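Colleague: Below is the structure I would like to discuss, written out as C-alpha cells.
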Amino acid sequence: MKATLIITLLLPLTAHAFSLPSNEIASRRQVGKAIIGGAATSLIVGGPTTLLPRPSFAEEEYITADSGIKYQVVTPPTDPNSPTPARGQKVKAKYTLYLNGFPADTAQAKKIDSSKGPFGEKPFEFFAGVSQVIKGWDLTILEMRQGEARKLVIPSDLGYGDKGMSSIPGGATLYFNVELAGIGAAPSFNADQQKWLDENPL
C-alpha cells in the first residue's frame with residue numbers, strides 16, 4: 001500500500017467546504033504515521049534532516065514569481081493554449097520533493113518524498129486553490145497547464161513555515177519537480193462551496 005507525505009501532511013487543519021470526508025482524512029493520517037515510523041516505500045526518512053546554510057541551485061535559470069516562488073519550466077504544456085485549472089477544480093500532479101537543492105545542483109540534496117514508487121507512478125489528486133495543499137503548490141498549480149512540468153523552489157512561508165513537519169525542519173526551502181498530469185471537469189459549486197471561495201481568496 002502506498003501513501004505519501006504530501007497526502008498525509010498537506011491536508012487542511014480545519015474542515016471547510018472542500019475538505020475530504022473525515023473518515024478518509026483519519027485513514028490517510030494513520031497510514032502516514034505508519035510510513036514515518038519506518039515502513040515507507042516512497043518516503044525517504046532516516047533521522048532529522050540538516051539544512052544547508054546556503055542551498056545550491058542555479059538561481060539565474062529561474063523565474064521569480066511575485067509570491068517569491070522560483071520556477072523553471074522543464075517541459076512545456078501539451079497544448080499551450082489549454083486552460084489553467086480553476087479554483088476548486090480537481091487536478092492530478094506527479095512530484096518529487098527534495099531538501100537542500102536538486103540532485104543535479106548539489107550532492108547534499110535529500111529526497112523526501114515522491115509520487116513515483118517501486119510499483120510505478122501514482123499522481124496525487126486534489127482540488128486546486130482551496131488549501132488542500134501548501135500555498136506554494138496552490139499558487140503554482142493554478143498557473144500551469146496540463147502536461148507542463150516545472151522545477152519549483154518554494155520558500156518556507158509558502159511551505160511548512162517555521163515549525164516544519166515530520167522530517168521537514170522548520171524554515172526549510174522546498175525543492176519540487178512537479179508535473180500537472182491531469183485536469184478534471186470544470187467545477188460546479190454548491191452554495192456552501194461558493195461562499196467559502198468568496199470568503200477565502202488565495
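Just remember, in the C-alpha cells the first chain shown is A, the second B, etc., residues are 1-based per chain, and ligands are 1-based in the order shown.
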Skipping near chain neighbours, those fewer than 3 positions away, what residues fall within 8 Å of Lys151 in chain A using only C-alpha atoms, listed as an MDAnalysis selection string?

Modeller: chainID A and resid 71:74 175:178

Colleague: Within 12 Å of Gly88 in chain A, counting only C-alpha atoms, which residues show up once you throw out same-chain ones fewer than 2 positions away? Write them as a PDB file with C-alpha atoms, in the first residue's frame, please.

Modeller:
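To be explicit, this is the file written out as around27.pdb:
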ATOM      1  CA  ALA A  17     -16.465  23.082   2.047  1.00  0.00           C
ATOM      2  CA  PHE A  18     -13.792  21.309   0.011  1.00  0.00           C
ATOM      3  CA  SER A  19     -12.477  19.019   2.765  1.00  0.00           C
ATOM      4  CA  PRO A  85      -7.129  24.971 -13.559  1.00  0.00           C
ATOM      5  CA  ALA A  86      -9.830  26.947 -11.790  1.00  0.00           C
ATOM      6  CA  LYS A  90      -9.780  18.520  -9.381  1.00  0.00           C
ATOM      7  CA  VAL A  91      -6.230  18.013 -10.640  1.00  0.00           C
ATOM      8  CA  PHE A 126      -6.597  17.183  -5.007  1.00  0.00           C
ATOM      9  CA  PHE A 127      -8.796  20.252  -5.523  1.00  0.00           C
ATOM     10  CA  ALA A 128      -6.688  23.174  -6.744  1.00  0.00           C
ATOM     11  CA  GLY A 129      -6.609  26.509  -4.963  1.00  0.00           C
ATOM     12  CA  VAL A 130      -8.660  25.556  -1.899  1.00  0.00           C
ATOM     13  CA  SER A 131      -5.938  24.975   0.715  1.00  0.00           C
ATOM     14  CA  GLN A 132      -5.776  21.196   0.440  1.00  0.00           C
ATOM     15  CA  ASP A 138      -1.845  26.120  -4.844  1.00  0.00           C
ATOM     16  CA  ILE A 141      -0.745  24.693  -9.990  1.00  0.00           C
ATOM     17  CA  LEU A 142      -3.281  27.421 -10.833  1.00  0.00           C
ATOM     18  CA  ILE A 183      -7.222  18.379 -15.007  1.00  0.00           C
ATOM     19  CA  GLY A 184     -10.759  17.281 -14.194  1.00  0.00           C
ATOM     20  CA  ALA A 185     -14.056  18.575 -15.496  1.00  0.00           C
ATOM     21  CA  ALA A 186     -14.975  22.219 -14.972  1.00  0.00           C
ATOM     22  CA  PRO A 187     -16.160  22.588 -11.383  1.00  0.00           C
ATOM     23  CA  SER A 188     -19.732  23.248 -10.339  1.00  0.00           C
ATOM     24  CA  PHE A 189     -20.126  24.628  -6.828  1.00  0.00           C
ATOM     25  CA  ASN A 190     -22.930  24.386  -4.321  1.00  0.00           C
ATOM     26  CA  GLN A 193     -18.558  25.943  -1.634  1.00  0.00           C
ATOM     27  CA  GLN A 194     -19.102  29.227  -3.486  1.00  0.00           C
ATOM     28  CA  TRP A 196     -16.160  29.506   1.039  1.00  0.00           C
ATOM     29  CA  LEU A 197     -14.352  30.511  -2.170  1.00  0.00           C
ATOM     30  CA  ASP A 198     -15.645  34.083  -1.881  1.00  0.00           C
ATOM     31  CA  ASN A 200     -11.165  32.666   1.342  1.00  0.00           C
ATOM     32  CA  PRO A 201      -9.126  34.150  -1.520  1.00  0.00           C
ATOM     33  CA  LEU A 202      -5.620  32.830  -2.010  1.00  0.00           C
TER      34      LEU A 202
END

Colleague: Going by DSSP on the backbone, which bits of range 42-157 of chain A are strand (DSSP E or B)? Write them as number ranges by chain, please.

Modeller: A: 56, 63-64, 70-75, 90-99, 101, 110-114, 116-117, 120-121, 124-127, 149-154

Colleague: Using only C-alpha atoms, can you tell me which of A:Ile69, A:Leu174, A:Met144, A:Leu180 comes closest to Asn100 in chain A?

Modeller: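 Among the listed residues, the smallest separation from Asn100 in chain A belongs to A:Leu174.
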
Colleague: Using CA of Pro76 in chain A and CA of Glu148 in chain A as the two end points, give the distance in Å to one decimal.

Modeller: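 Separation between CA of Pro76 in chain A and CA of Glu148 in chain A: 4.9 Å.
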
Colleague: Which of these, A:Arg145, A:Leu97, A:Tyr62, A:Ile154, has the shortest distance to Ala109 in chain A once you count only C-alpha atoms?

Modeller: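 So, comparing all the options, the nearest one is A:Leu97.
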
Colleague: Could you give me, as a ChimeraX atom specification, the residues within 8 Å of Leu158 in chain A, counting only C-alpha atoms and dropping anything in the same chain fewer than 4 positions from it?

Modeller: /A:134-136,154

Colleague: With all heavy atoms retained, could you export that selection as a CSV table (one decimal), in the first residue's frame?

Modeller:
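And here's selection.csv as it stands now:
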chain,number,residue,atom,x,y,z
A,134,ILE,N,0.0,22.8,0.4
A,134,ILE,CA,0.7,24.0,0.9
A,134,ILE,C,0.4,25.2,-0.2
A,134,ILE,O,0.1,24.9,-1.3
A,134,ILE,CB,2.2,23.8,1.0
A,134,ILE,CG1,2.8,23.3,-0.3
A,134,ILE,CG2,2.5,22.9,2.2
A,134,ILE,CD1,4.3,23.2,-0.3
A,135,LYS,N,0.5,26.4,0.3
A,135,LYS,CA,0.1,27.5,-0.5
A,135,LYS,C,1.0,27.6,-1.7
A,135,LYS,O,0.6,28.0,-2.8
A,135,LYS,CB,0.2,28.8,0.3
A,135,LYS,CG,-0.4,30.0,-0.4
A,135,LYS,CD,-0.6,31.2,0.5
A,135,LYS,CE,-1.3,32.3,-0.3
A,135,LYS,NZ,-1.5,33.5,0.6
A,136,GLY,N,2.3,27.2,-1.6
A,136,GLY,CA,3.2,27.3,-2.7
A,136,GLY,C,2.7,26.4,-3.9
A,136,GLY,O,2.9,26.7,-5.1
A,154,ILE,N,10.4,26.6,-3.4
A,154,ILE,CA,9.3,27.3,-2.6
A,154,ILE,C,9.8,27.7,-1.2
A,154,ILE,O,10.3,26.9,-0.4
A,154,ILE,CB,8.1,26.3,-2.4
A,154,ILE,CG1,7.5,25.9,-3.7
A,154,ILE,CG2,7.0,26.9,-1.5
A,154,ILE,CD1,6.4,24.9,-3.7

Colleague: What lies within 9 Å of Pro155 in chain A using only C-alpha atoms, ignoring chain neighbours under 5 positions off, as a PyMOL selection string?

Modeller: chain A and resi 68-70+136+160-161+171-174

Colleague: As a PyMOL selection string, please: every residue in range 60-145 of chain A that DSSP puts in helix (DSSP H, G or I).

Modeller: chain A and resi 60-61+135-141

Colleague: Interatomic distance between CA of Ser166 in chain A and CA of Asp113 in chain A?

Modeller: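 Interatomic distance here is 11.9 Å.
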